[in-house]
file data19.pdb (PDB, C-alpha atoms)
ATOM      1  CA  MET R 900     -35.731 -73.644 -18.089
ATOM      2  CA  GLU R 901     -33.971 -73.697 -14.744
ATOM      3  CA  ASN R 902     -36.168 -72.898 -11.726
ATOM      4  CA  ILE R 903     -39.304 -72.225 -13.784
ATOM      5  CA  GLN R 904     -42.094 -74.420 -15.111
ATOM      6  CA  TYR R 905     -45.127 -73.046 -16.896
ATOM      7  CA  ARG R 906     -48.789 -73.902 -16.743
ATOM      8  CA  LYS R 907     -50.131 -74.615 -20.218
ATOM      9  CA  PHE R 908     -53.425 -73.208 -21.427
ATOM     10  CA  GLY R 909     -54.568 -76.607 -22.718
ATOM     11  CA  GLU R 910     -56.795 -76.870 -19.658
ATOM     12  CA  ILE R 911     -58.992 -74.064 -20.969
ATOM     13  CA  ASN R 912     -61.722 -74.467 -23.591
ATOM     14  CA  HIS R 913     -60.413 -71.637 -25.723
ATOM     15  CA  ASP R 914     -58.932 -70.446 -28.979
ATOM     16  CA  VAL R 915     -55.360 -69.212 -28.463
ATOM     17  CA  ARG R 916     -55.114 -66.518 -31.080
ATOM     18  CA  SER R 917     -51.464 -65.867 -30.336
ATOM     19  CA  GLU R 918     -48.857 -67.111 -27.891
ATOM     20  CA  ASN R 919     -45.638 -65.379 -28.843
ATOM     21  CA  ILE R 920     -42.468 -66.367 -26.976
ATOM     22  CA  ILE R 921     -40.366 -63.191 -26.995
ATOM     23  CA  LEU R 922     -37.432 -64.707 -25.086
ATOM     24  CA  SER R 923     -36.730 -68.129 -23.620
ATOM     25  CA  SER R 924     -33.470 -68.731 -21.754
ATOM     26  CA  LYS R 925     -32.511 -70.891 -18.808
ATOM     27  CA  ASP R 926     -33.846 -68.417 -16.237
ATOM     28  CA  ILE R 927     -36.017 -65.871 -18.126
ATOM     29  CA  GLU R 928     -39.108 -66.367 -20.253
ATOM     30  CA  ILE R 929     -41.163 -63.584 -21.830
ATOM     31  CA  ARG R 930     -44.408 -64.294 -23.624
ATOM     32  CA  TRP R 931     -47.321 -62.328 -25.006
ATOM     33  CA  VAL R 932     -50.616 -64.231 -25.026
ATOM     34  CA  ASP R 933     -53.987 -63.433 -26.624
ATOM     35  CA  ILE R 934     -56.857 -65.803 -25.748
ATOM     36  CA  SER R 935     -60.528 -65.906 -26.625
ATOM     37  CA  PHE R 936     -62.938 -68.300 -24.933
ATOM     38  CA  ASP R 937     -66.647 -69.083 -24.983
ATOM     39  CA  HIS R 938     -67.405 -68.521 -21.297
ATOM     40  CA  ASP R 939     -65.781 -67.625 -17.990
ATOM     41  CA  GLU R 940     -63.038 -70.091 -17.094
ATOM     42  CA  ARG R 941     -61.514 -71.487 -13.897
ATOM     43  CA  VAL R 942     -58.020 -72.977 -13.949
ATOM     44  CA  LYS R 943     -56.452 -74.812 -11.011
ATOM     45  CA  VAL R 944     -52.743 -74.008 -10.693
ATOM     46  CA  HIS R 945     -49.888 -75.508  -8.710
ATOM     47  CA  GLU R 946     -46.450 -73.912  -9.015
ATOM     48  CA  ARG R 947     -43.581 -75.627  -7.186
ATOM     49  CA  ASN R 948     -40.896 -73.258  -8.429
ATOM     50  CA  ASN R 949     -39.503 -69.985  -7.141
ATOM     51  CA  PHE R 950     -39.752 -67.083  -9.579
ATOM     52  CA  MET R 951     -40.605 -63.405  -9.932
ATOM     53  CA  GLU R 952     -43.058 -62.242 -12.585
ATOM     54  CA  LEU R 953     -43.641 -58.810 -14.091
ATOM     55  CA  HIS R 954     -47.242 -59.002 -15.285
ATOM     56  CA  PHE R 955     -49.008 -56.631 -17.687
ATOM     57  CA  GLN R 956     -52.688 -57.249 -18.441
ATOM     58  CA  PHE R 957     -53.919 -55.426 -21.542
ATOM     59  CA  ASN R 958     -57.464 -56.807 -21.921
ATOM     60  CA  GLY R 959     -59.745 -58.964 -19.803
ATOM     61  CA  VAL R 960     -60.459 -59.339 -16.103
ATOM     62  CA  SER R 961     -58.896 -62.067 -13.971
ATOM     63  CA  LYS R 962     -59.057 -63.107 -10.343
ATOM     64  CA  THR R 963     -56.367 -65.211  -8.664
ATOM     65  CA  LEU R 964     -57.418 -66.986  -5.466
ATOM     66  CA  PHE R 965     -55.056 -68.583  -2.966
ATOM     67  CA  LYS R 966     -55.640 -69.283   0.712
ATOM     68  CA  SER R 967     -57.696 -66.301   1.931
ATOM     69  CA  ARG R 968     -56.329 -63.796  -0.619
ATOM     70  CA  GLU R 969     -57.557 -62.689  -4.007
ATOM     71  CA  ILE R 970     -55.793 -60.595  -6.634
ATOM     72  CA  ILE R 971     -57.989 -58.908  -9.243
ATOM     73  CA  LEU R 972     -56.460 -57.609 -12.466
ATOM     74  CA  SER R 973     -58.491 -55.453 -14.833
ATOM     75  CA  PRO R 974     -57.678 -54.201 -18.356
ATOM     76  CA  ASN R 975     -54.578 -51.973 -18.528
ATOM     77  CA  SER R 976     -53.167 -53.071 -15.168
ATOM     78  CA  GLN R 977     -49.750 -54.220 -13.992
ATOM     79  CA  THR R 978     -48.106 -55.730 -10.941
ATOM     80  CA  VAL R 979     -45.123 -57.772  -9.748
ATOM     81  CA  PHE R 980     -45.560 -61.293  -8.346
ATOM     82  CA  HIS R 981     -43.255 -63.490  -6.356
ATOM     83  CA  VAL R 982     -44.318 -67.148  -6.522
ATOM     84  CA  MET R 983     -42.970 -70.087  -4.526
ATOM     85  CA  ASP R 984     -44.893 -73.316  -3.944
ATOM     86  CA  PHE R 985     -48.217 -71.783  -5.013
ATOM     87  CA  SER R 986     -51.528 -73.638  -5.123
ATOM     88  CA  GLY R 987     -54.638 -71.744  -6.153
ATOM     89  CA  GLU R 988     -57.080 -70.884  -8.912
ATOM     90  CA  HIS R 989     -57.173 -68.414 -11.781
ATOM     91  CA  ARG R 990     -60.596 -67.174 -12.869
ATOM     92  CA  LEU R 991     -60.731 -65.600 -16.324
ATOM     93  CA  TYR R 992     -63.782 -63.539 -17.273
ATOM     94  CA  LYS R 993     -64.995 -63.447 -20.848
ATOM     95  CA  ASP R 994     -64.949 -60.193 -22.816
ATOM     96  CA  ASN R 995     -67.389 -60.117 -25.738
ATOM     97  CA  VAL R 996     -65.207 -57.698 -27.720
ATOM     98  CA  ASN R 997     -61.501 -58.182 -26.970
ATOM     99  CA  PRO R 998     -59.414 -61.320 -26.431
ATOM    100  CA  PHE R 999     -57.886 -61.888 -23.011
ATOM    101  CA  SER R1000     -54.411 -60.421 -23.504
ATOM    102  CA  PHE R1001     -51.321 -60.154 -21.320
ATOM    103  CA  LEU R1002     -47.522 -60.035 -21.249
ATOM    104  CA  GLU R1003     -45.610 -61.920 -18.570
ATOM    105  CA  ILE R1004     -41.901 -61.779 -17.790
ATOM    106  CA  LYS R1005     -40.912 -64.683 -15.533
ATOM    107  CA  MET R1006     -37.482 -64.797 -13.918
ATOM    108  CA  GLY R1007     -35.877 -67.540 -11.846
ATOM    109  CA  LYS R1008     -33.738 -66.833  -8.790
ATOM    110  CA  ASP R1009     -30.510 -66.583 -10.788
ATOM    111  CA  ALA R1010     -31.986 -63.971 -13.138
ATOM    112  CA  VAL R1011     -33.428 -61.944 -10.258
ATOM    113  CA  SER R1012     -30.051 -61.946  -8.478
ATOM    114  CA  ARG R1013     -28.241 -60.959 -11.696
ATOM    115  CA  LEU R1014     -30.598 -58.187 -12.827
ATOM    116  CA  PHE R1015     -31.631 -56.855  -9.411
ATOM    117  CA  PRO R1016     -28.672 -57.112  -6.991
ATOM    118  CA  ARG R1017     -29.180 -56.760  -3.255
ATOM    119  CA  GLY R1018     -27.953 -53.171  -3.274
ATOM    120  CA  MET R1019     -30.773 -52.201  -5.649
ATOM    121  CA  TRP R1020     -33.392 -53.690  -3.309
ATOM    122  CA  ASN R1021     -31.862 -51.830  -0.380
ATOM    123  CA  GLU R1022     -32.043 -48.523  -2.261
ATOM    124  CA  LEU R1023     -35.635 -49.139  -3.372
ATOM    125  CA  GLY R1024     -36.573 -49.574   0.267
ATOM    126  CA  THR R1025     -40.288 -50.142  -0.312
ATOM    127  CA  MET R1026     -40.083 -53.369  -2.318
ATOM    128  CA  PRO R1027     -38.509 -56.182  -0.231
ATOM    129  CA  ASP R1028     -41.945 -57.276   1.001
ATOM    130  CA  VAL R1029     -42.427 -58.810  -2.460
ATOM    131  CA  PHE R1030     -40.258 -61.660  -1.214
ATOM    132  CA  GLY R1031     -41.711 -61.774   2.261
ATOM    133  CA  GLY R1032     -43.774 -64.949   1.808
ATOM    134  CA  LYS R1033     -44.418 -67.886  -0.458
ATOM    135  CA  VAL R1034     -46.705 -65.833  -2.705
ATOM    136  CA  ALA R1035     -46.630 -62.053  -2.825
ATOM    137  CA  CYS R1036     -48.038 -59.343  -5.061
ATOM    138  CA  ILE R1037     -47.309 -55.639  -4.998
ATOM    139  CA  SER R1038     -50.476 -53.760  -4.159
ATOM    140  CA  PRO R1039     -52.451 -51.769  -4.925
ATOM    141  CA  ILE R1040     -52.639 -52.808  -8.576
ATOM    142  CA  LYS R1041     -51.560 -49.915 -10.811
ATOM    143  CA  PRO R1042     -52.299 -49.001 -14.448
ATOM    144  CA  ILE R1043     -49.830 -49.588 -17.267
ATOM    145  CA  SER R1044     -48.315 -46.195 -17.978
ATOM    146  CA  PRO R1045     -47.482 -44.965 -21.497
ATOM    147  CA  GLN R1046     -43.788 -45.159 -20.549
ATOM    148  CA  MET R1047     -44.267 -48.848 -19.757
ATOM    149  CA  PHE R1048     -46.024 -49.414 -23.091
ATOM    150  CA  SER R1049     -43.030 -47.841 -24.826
ATOM    151  CA  VAL R1050     -40.546 -50.164 -23.086
ATOM    152  CA  ILE R1051     -42.775 -53.183 -23.768
ATOM    153  CA  TYR R1052     -42.718 -52.232 -27.446
ATOM    154  CA  ASP R1053     -38.908 -52.119 -27.366
ATOM    155  CA  ILE R1054     -38.793 -55.578 -25.773
ATOM    156  CA  CYS R1055     -41.145 -57.096 -28.344
ATOM    157  CA  HIS R1056     -39.838 -55.278 -31.434
ATOM    158  CA  ASN R1057     -36.103 -54.898 -31.803
ATOM    159  CA  SER R1058     -33.630 -55.890 -34.486
ATOM    160  CA  PHE R1059     -30.876 -57.313 -32.275
ATOM    161  CA  LYS R1060     -29.799 -60.951 -32.540
ATOM    162  CA  GLY R1061     -28.099 -63.473 -30.282
ATOM    163  CA  GLU R1062     -26.361 -62.258 -27.148
ATOM    164  CA  LEU R1063     -26.890 -58.616 -28.118
ATOM    165  CA  ARG R1064     -30.654 -59.194 -28.163
ATOM    166  CA  LYS R1065     -30.561 -60.981 -24.801
ATOM    167  CA  SER R1066     -28.526 -58.163 -23.229
ATOM    168  CA  TYR R1067     -30.790 -55.501 -24.737
ATOM    169  CA  ILE R1068     -33.947 -57.209 -23.459
ATOM    170  CA  GLU R1069     -32.468 -57.705 -19.989
ATOM    171  CA  ALA R1070     -31.650 -53.987 -19.833
ATOM    172  CA  LYS R1071     -35.245 -53.212 -20.824
ATOM    173  CA  ILE R1072     -36.549 -55.596 -18.140
ATOM    174  CA  ILE R1073     -34.643 -53.571 -15.535
ATOM    175  CA  GLU R1074     -36.065 -50.328 -16.960
ATOM    176  CA  LEU R1075     -39.583 -51.756 -16.953
ATOM    177  CA  PHE R1076     -39.262 -53.009 -13.382
ATOM    178  CA  LEU R1077     -38.011 -49.613 -12.205
ATOM    179  CA  LEU R1078     -41.026 -47.953 -13.838
ATOM    180  CA  GLN R1079     -43.245 -50.382 -11.930
ATOM    181  CA  THR R1080     -41.532 -49.707  -8.617
ATOM    182  CA  LYS R1081     -41.643 -45.961  -9.249
ATOM    183  CA  SER R1082     -45.422 -46.153  -9.524
ATOM    184  CA  HIS R1083     -45.508 -47.629  -5.998
ATOM    185  CA  CYS R1084     -42.807 -45.594  -4.274
ATOM    186  CA  PRO R1085     -43.971 -43.303  -1.473
ATOM    187  CA  VAL R1086     -43.668 -39.604  -2.086
ATOM    188  CA  GLN R1087     -41.383 -37.406  -0.035
ATOM    189  CA  LYS R1088     -42.720 -35.703   3.044
ATOM    190  CA  ILE R1089     -44.090 -32.254   2.356
ATOM    191  CA  ASP R1090     -46.049 -29.628   4.224
ATOM    192  CA  LEU R1091     -49.463 -31.108   3.476
ATOM    193  CA  LYS R1092     -51.820 -33.079   5.642
ATOM    194  CA  ARG R1093     -52.064 -36.796   4.887
ATOM    195  CA  GLU R1094     -55.614 -36.318   3.605
ATOM    196  CA  GLU R1095     -54.482 -33.741   1.042
ATOM    197  CA  GLN R1096     -51.530 -35.906  -0.015
ATOM    198  CA  ASN R1097     -53.915 -38.783  -0.661
ATOM    199  CA  LYS R1098     -56.076 -36.524  -2.820
ATOM    200  CA  ILE R1099     -53.073 -35.471  -4.903
ATOM    201  CA  ILE R1100     -52.010 -39.101  -5.339
ATOM    202  CA  ALA R1101     -55.587 -39.854  -6.420
ATOM    203  CA  ALA R1102     -55.328 -37.020  -8.965
ATOM    204  CA  ARG R1103     -52.201 -38.540 -10.490
ATOM    205  CA  GLU R1104     -53.833 -41.979 -10.660
ATOM    206  CA  TYR R1105     -56.880 -40.419 -12.324
ATOM    207  CA  LEU R1106     -54.579 -38.882 -14.962
ATOM    208  CA  ASP R1107     -52.856 -42.254 -15.446
ATOM    209  CA  ARG R1108     -56.189 -43.878 -16.294
ATOM    210  CA  ASN R1109     -57.879 -41.041 -18.194
ATOM    211  CA  TYR R1110     -55.133 -39.133 -20.045
ATOM    212  CA  GLN R1111     -56.924 -39.718 -23.376
ATOM    213  CA  ARG R1112     -59.719 -37.423 -22.183
ATOM    214  CA  LYS R1113     -59.651 -33.640 -22.065
ATOM    215  CA  ILE R1114     -59.049 -32.840 -18.384
ATOM    216  CA  ARG R1115     -59.141 -29.374 -16.860
ATOM    217  CA  ILE R1116     -57.401 -28.699 -13.549
ATOM    218  CA  ILE R1117     -60.594 -27.257 -12.082
ATOM    219  CA  ASP R1118     -62.432 -30.491 -12.927
ATOM    220  CA  LEU R1119     -59.597 -32.664 -11.593
ATOM    221  CA  ALA R1120     -59.631 -30.742  -8.312
ATOM    222  CA  MET R1121     -63.382 -31.298  -7.985
ATOM    223  CA  ILE R1122     -63.047 -35.022  -8.747
ATOM    224  CA  VAL R1123     -60.552 -35.593  -5.915
ATOM    225  CA  GLY R1124     -62.169 -33.118  -3.515
ATOM    226  CA  THR R1125     -59.664 -30.280  -3.195
ATOM    227  CA  ASN R1126     -59.075 -26.819  -4.677
ATOM    228  CA  GLN R1127     -56.968 -25.845  -7.682
ATOM    229  CA  GLN R1128     -54.289 -24.014  -5.738
ATOM    230  CA  THR R1129     -53.657 -26.869  -3.314
ATOM    231  CA  LEU R1130     -53.699 -29.402  -6.148
ATOM    232  CA  LYS R1131     -51.218 -27.502  -8.324
ATOM    233  CA  ARG R1132     -48.830 -26.697  -5.479
ATOM    234  CA  GLY R1133     -49.003 -30.155  -3.944
ATOM    235  CA  PHE R1134     -48.594 -31.933  -7.309
ATOM    236  CA  ARG R1135     -45.411 -30.000  -8.061
ATOM    237  CA  GLU R1136     -43.985 -30.609  -4.581
ATOM    238  CA  MET R1137     -44.819 -34.313  -4.528
ATOM    239  CA  PHE R1138     -43.987 -35.276  -8.123
ATOM    240  CA  HIS R1139     -41.510 -32.545  -9.176
ATOM    241  CA  THR R1140     -43.512 -31.577 -12.251
ATOM    242  CA  THR R1141     -46.632 -29.633 -13.149
ATOM    243  CA  ILE R1142     -50.006 -31.255 -13.737
ATOM    244  CA  PHE R1143     -49.965 -30.177 -17.376
ATOM    245  CA  ALA R1144     -46.439 -31.512 -18.016
ATOM    246  CA  TYR R1145     -47.329 -34.865 -16.450
ATOM    247  CA  TYR R1146     -50.654 -35.108 -18.304
ATOM    248  CA  ASN R1147     -49.133 -34.114 -21.641
ATOM    249  CA  GLY R1148     -46.233 -36.515 -21.141
ATOM    250  CA  LEU R1149     -48.661 -39.407 -20.704
ATOM    251  CA  ARG R1150     -50.469 -38.502 -23.908
ATOM    252  CA  MET R1151     -47.281 -38.115 -25.952
ATOM    253  CA  GLU R1152     -45.788 -41.417 -24.752
ATOM    254  CA  ARG R1153     -49.016 -43.186 -25.659
ATOM    255  CA  ALA R1154     -49.014 -41.484 -29.057
ATOM    256  CA  LYS R1155     -45.440 -42.648 -29.672
ATOM    257  CA  TYR R1156     -46.419 -46.237 -28.905
ATOM    258  CA  LEU R1157     -49.479 -46.065 -31.182
ATOM    259  CA  LEU R1158     -47.505 -44.573 -34.058
ATOM    260  CA  MET R1159     -44.897 -47.328 -33.791
ATOM    261  CA  ASP R1160     -47.124 -50.330 -33.325
ATOM    262  CA  SER R1161     -50.785 -49.865 -34.157
ATOM    263  CA  GLY R1162     -50.760 -48.992 -37.843
ATOM    264  CA  LYS R1163     -53.178 -46.149 -37.100
ATOM    265  CA  SER R1164     -53.073 -42.909 -39.010
ATOM    266  CA  ILE R1165     -51.878 -39.672 -37.422
ATOM    267  CA  SER R1166     -55.486 -38.446 -37.268
ATOM    268  CA  GLU R1167     -56.595 -41.631 -35.520
ATOM    269  CA  VAL R1168     -53.764 -41.416 -32.990
ATOM    270  CA  SER R1169     -54.525 -37.745 -32.403
ATOM    271  CA  ASP R1170     -58.162 -38.547 -31.700
ATOM    272  CA  GLU R1171     -57.366 -41.516 -29.448
ATOM    273  CA  ILE R1172     -55.211 -39.468 -27.079
ATOM    274  CA  GLY R1173     -57.717 -36.627 -26.911
ATOM    275  CA  TYR R1174     -56.629 -34.131 -29.571
ATOM    276  CA  LYS R1175     -59.509 -33.143 -31.808
ATOM    277  CA  ASN R1176     -57.214 -31.143 -34.094
ATOM    278  CA  PRO R1177     -54.396 -33.260 -35.628
ATOM    279  CA  GLN R1178     -52.315 -30.143 -36.278
ATOM    280  CA  HIS R1179     -52.342 -29.237 -32.587
ATOM    281  CA  PHE R1180     -51.249 -32.798 -31.866
ATOM    282  CA  THR R1181     -48.442 -32.545 -34.435
ATOM    283  CA  VAL R1182     -47.102 -29.359 -32.821
ATOM    284  CA  ALA R1183     -47.196 -30.899 -29.328
ATOM    285  CA  PHE R1184     -45.552 -34.133 -30.511
ATOM    286  CA  LYS R1185     -42.724 -32.319 -32.304
ATOM    287  CA  LYS R1186     -42.128 -30.132 -29.246
ATOM    288  CA  LYS R1187     -41.837 -33.248 -27.079
ATOM    289  CA  PHE R1188     -39.714 -35.505 -29.315
ATOM    290  CA  GLY R1189     -38.112 -33.179 -31.873
ATOM    291  CA  LEU R1190     -39.765 -35.007 -34.794
ATOM    292  CA  SER R1191     -43.168 -34.652 -36.389
ATOM    293  CA  PRO R1192     -45.487 -37.677 -36.115
ATOM    294  CA  LYS R1193     -45.089 -38.199 -39.876
ATOM    295  CA  ASN R1194     -41.283 -38.390 -39.687
ATOM    296  CA  PHE R1195     -41.430 -40.502 -36.512
ATOM    297  CA  LYS R1196     -43.877 -42.966 -38.071
TER     298      LYS R1196
END

call {"tool": "encode", "arguments": {"input": "data19.pdb", "output": "structure tokens"}}
result
Amino acid sequence: MENIQYRKFGEINHDVRSENIILSSKDIEIRWVDISFDHDERVKVHERNNFMELHFQFNGVSKTLFKSREIILSPNSQTVFHVMDFSGEHRLYKDNVNPFSFLEIKMGKDAVSRLFPRGMWNELGTMPDVFGGKVACISPIKPISPQMFSVIYDICHNSFKGELRKSYIEAKIIELFLLQTKSHCPVQKIDLKREEQNKIIAAREYLDRNYQRKIRIIDLAMIVGTNQQTLKRGFREMFHTTIFAYYNGLRMERAKYLLMDSGKSISEVSDEIGYKNPQHFTVAFKKKFGLSPKNFK
């Protein structure tokens, strides 16, 4: 593959349960890896090549150390890396229940230029610092949203072949990257003090991580340290939607992904996203997508 070379996991005392290459072309490689190992591992890494990586960590905790920096990824987290002439260490921490699991999309310079032209970077405005140094990582680390899970499913499970499949996956990579950048974009200026804006951002991030729980607005306001009225007004102004619509959208997108990929029953999916009554879930799902969970599944 032009511009990209990959570290192999042979250095780790482990059992690779699955290493599925989704796509391998001259300047893009996508792989999903599940690993189990007997104890915490340290892997020395040296990357001489220049590439960008969209990284999605599903299970396990890792720490990447280079120079005086450290990047910690926890379960259900995502970020974007730029790597050029990187020397450092990956530390992988054992999970007694789940295998260490991640998806990585690595792109060489030609792929980055083709999929993300200069005009796109200029319009994004907040992202060029990704390429500001030899190694860069967008921070803070954000959770994987249900919308991202849905796009990841489309990348990993589609019926296209040949050039059609390559074009389809590249389009999905762009969509996935834009979802990542959206999670980091600053909000527009509104008539709220910076402290209150930070609380509303914290409320959205709490929803992103806890949408499977039953969350009342009064409780959410208490968690972030504001009142209901300020939270509801500020959330709508900053994110152009209501708290309920955002919260319900997260749950429905996650439900769609589970119905497509997990093999779980409708009752199990309903329970996992926080609906105790499967019929209430069915009504909400059909209202969102126009199909019942049964017909969608």

call {"tool": "atom_distance", "arguments": {"input": "data19.pdb", "atom1": "atom CA of Val960 of chain R", "atom2": "atom CA of Leu922 of chain R"}}
result
25.3 Å

call {"tool": "resolve_selection", "arguments": {"input": "data19.pdb", "expression": "the PyMOL selection byres ((chain R and resi 1053) around 12)", "output": "ChimeraX atom specification"}}
result
/R:921,1046-1052,1054-1059,1064,1067-1072,1074-1075,1155-1156,1159-1160

call {"tool": "write_last_selection", "arguments": {"input": "data19.pdb", "atoms": "C-alpha atoms", "output": "short mmCIF file (atom, residue, chain, number, x, y, z; two decimals), in the coordinates of the input"}}
result
data_model
loop_
_atom_site.label_atom_id
_atom_site.label_comp_id
_atom_site.auth_asym_id
_atom_site.auth_seq_id
_atom_site.Cartn_x
_atom_site.Cartn_y
_atom_site.Cartn_z
CA ILE R 921 -40.37 -63.19 -27.00
CA GLN R 1046 -43.79 -45.16 -20.55
CA MET R 1047 -44.27 -48.85 -19.76
CA PHE R 1048 -46.02 -49.41 -23.09
CA SER R 1049 -43.03 -47.84 -24.83
CA VAL R 1050 -40.55 -50.16 -23.09
CA ILE R 1051 -42.78 -53.18 -23.77
CA TYR R 1052 -42.72 -52.23 -27.45
CA ILE R 1054 -38.79 -55.58 -25.77
CA CYS R 1055 -41.14 -57.10 -28.34
CA HIS R 1056 -39.84 -55.28 -31.43
CA ASN R 1057 -36.10 -54.90 -31.80
CA SER R 1058 -33.63 -55.89 -34.49
CA PHE R 1059 -30.88 -57.31 -32.28
CA ARG R 1064 -30.65 -59.19 -28.16
CA TYR R 1067 -30.79 -55.50 -24.74
CA ILE R 1068 -33.95 -57.21 -23.46
CA GLU R 1069 -32.47 -57.70 -19.99
CA ALA R 1070 -31.65 -53.99 -19.83
CA LYS R 1071 -35.24 -53.21 -20.82
CA ILE R 1072 -36.55 -55.60 -18.14
CA GLU R 1074 -36.06 -50.33 -16.96
CA LEU R 1075 -39.58 -51.76 -16.95
CA LYS R 1155 -45.44 -42.65 -29.67
CA TYR R 1156 -46.42 -46.24 -28.90
CA MET R 1159 -44.90 -47.33 -33.79
CA ASP R 1160 -47.12 -50.33 -33.33
#

call {"tool": "atom_distance", "arguments": {"input": "data19.pdb", "atom1": "atom CA of Glu969 of chain R", "atom2": "atom CA of Leu953 of chain R"}}
result
17.6 Å

call {"tool": "closest_residue", "arguments": {"input": "data19.pdb", "among": "R:Leu1158, R:Ile1142, R:Met951, R:Ile970", "to": "Met983 of chain R", "atoms": "all atoms listed in the file"}}
result
R:Met951

call {"tool": "closest_residue", "arguments": {"input": "data19.pdb", "among": "R:Arg1112, R:Arg930, R:His954, R:Lys1081", "to": "Lys1175 of chain R", "atoms": "all atoms listed in the file"}}
result
R:Arg1112

call {"tool": "closest_residue", "arguments": {"input": "data19.pdb", "among": "R:His1179, R:His989, R:His981, R:Lys1041", "to": "Gln956 of chain R", "atoms": "all atoms listed in the file"}}
result
R:Lys1041

call {"tool": "atom_distance", "arguments": {"input": "data19.pdb", "atom1": "atom CA of Ser986 of chain R", "atom2": "atom CA of Gly1007 of chain R"}}
result
18.1 Å

call {"tool": "resolve_selection", "arguments": {"input": "data19.pdb", "expression": "the PyMOL selection byres ((chain R and resi 1171) around 10)", "output": "list in words"}}
result
Tyr1110, Gln1111, Arg1112, Arg1150, Arg1153, Ala1154, Leu1157, Lys1163, Ile1165, Ser1166, Glu1167, Val1168, Ser1169, Asp1170, Ile1172, Gly1173, Tyr1174 and Lys1175 of chain R

call {"tool": "write_last_selection", "arguments": {"input": "data19.pdb", "atoms": "C-alpha atoms", "output": "compact mmCIF listing (two decimals), in the coordinates of the input"}}
result
# COMPACT_ATOMS: atom_id res chain seq x y z
CA TYR R 1110 -55.13 -39.13 -20.05
CA GLN R 1111 -56.92 -39.72 -23.38
CA ARG R 1112 -59.72 -37.42 -22.18
CA ARG R 1150 -50.47 -38.50 -23.91
CA ARG R 1153 -49.02 -43.19 -25.66
CA ALA R 1154 -49.01 -41.48 -29.06
CA LEU R 1157 -49.48 -46.06 -31.18
CA LYS R 1163 -53.18 -46.15 -37.10
CA ILE R 1165 -51.88 -39.67 -37.42
CA SER R 1166 -55.49 -38.45 -37.27
CA GLU R 1167 -56.60 -41.63 -35.52
CA VAL R 1168 -53.76 -41.42 -32.99
CA SER R 1169 -54.52 -37.74 -32.40
CA ASP R 1170 -58.16 -38.55 -31.70
CA ILE R 1172 -55.21 -39.47 -27.08
CA GLY R 1173 -57.72 -36.63 -26.91
CA TYR R 1174 -56.63 -34.13 -29.57
CA LYS R 1175 -59.51 -33.14 -31.81

call {"tool": "resolve_selection", "arguments": {"input": "data19.pdb", "expression": "the PyMOL selection byres ((chain R and resi 979) around 9)", "output": "PyMOL selection string"}}
result
chain R and resi 951-955+977-978+980-981+1029+1035-1038+1076+1079-1080

call {"tool": "closest_atom_pairs", "arguments": {"input": "data19.pdb", "of": "segment 974-1077 of chain R", "to": "segment 939-944 of chain R", "cutoff": "6 Å", "atoms": "only C-alpha atoms", "output": "CSV"}}
result
residue,atom,partner,partner_atom,distance
R:Ser986,CA,R:Val944,CA,5.7
R:Gly987,CA,R:Val944,CA,5.4
R:Glu988,CA,R:Lys943,CA,4.5
R:His989,CA,R:Val942,CA,5.1
R:Arg990,CA,R:Arg941,CA,4.5
R:Leu991,CA,R:Glu940,CA,5.1
R:Tyr992,CA,R:Asp939,CA,4.6
R:Lys993,CA,R:Asp939,CA,5.1

call {"tool": "write_last_selection", "arguments": {"input": "data19.pdb", "atoms": "C-alpha atoms", "output": "PDB file, in the coordinates of the input"}}
result
ATOM      1  CA  SER R 986     -51.528 -73.638  -5.123  1.00  0.00           C
ATOM      2  CA  GLY R 987     -54.638 -71.744  -6.153  1.00  0.00           C
ATOM      3  CA  GLU R 988     -57.080 -70.884  -8.912  1.00  0.00           C
ATOM      4  CA  HIS R 989     -57.173 -68.414 -11.781  1.00  0.00           C
ATOM      5  CA  ARG R 990     -60.596 -67.174 -12.869  1.00  0.00           C
ATOM      6  CA  LEU R 991     -60.731 -65.600 -16.324  1.00  0.00           C
ATOM      7  CA  TYR R 992     -63.782 -63.539 -17.273  1.00  0.00           C
ATOM      8  CA  LYS R 993     -64.995 -63.447 -20.848  1.00  0.00           C
TER       9      LYS R 993
END

call {"tool": "closest_residue", "arguments": {"input": "data19.pdb", "among": "R:Asp984, R:Glu1003, R:Glu918, R:Glu946", "to": "Asp933 of chain R", "atoms": "only C-alpha atoms"}}
result
R:Glu918

call {"tool": "closest_residue", "arguments": {"input": "data19.pdb", "among": "R:Val1182, R:Leu1077, R:Ile1040, R:Ile929", "to": "Glu1022 of chain R", "atoms": "all atoms listed in the file"}}
result
R:Leu1077

call {"tool": "closest_residue", "arguments": {"input": "data19.pdb", "among": "R:Ala1102, R:Ile927, R:Met1121, R:Leu972", "to": "Lys1005 of chain R", "atoms": "all atoms listed in the file"}}
result
R:Ile927
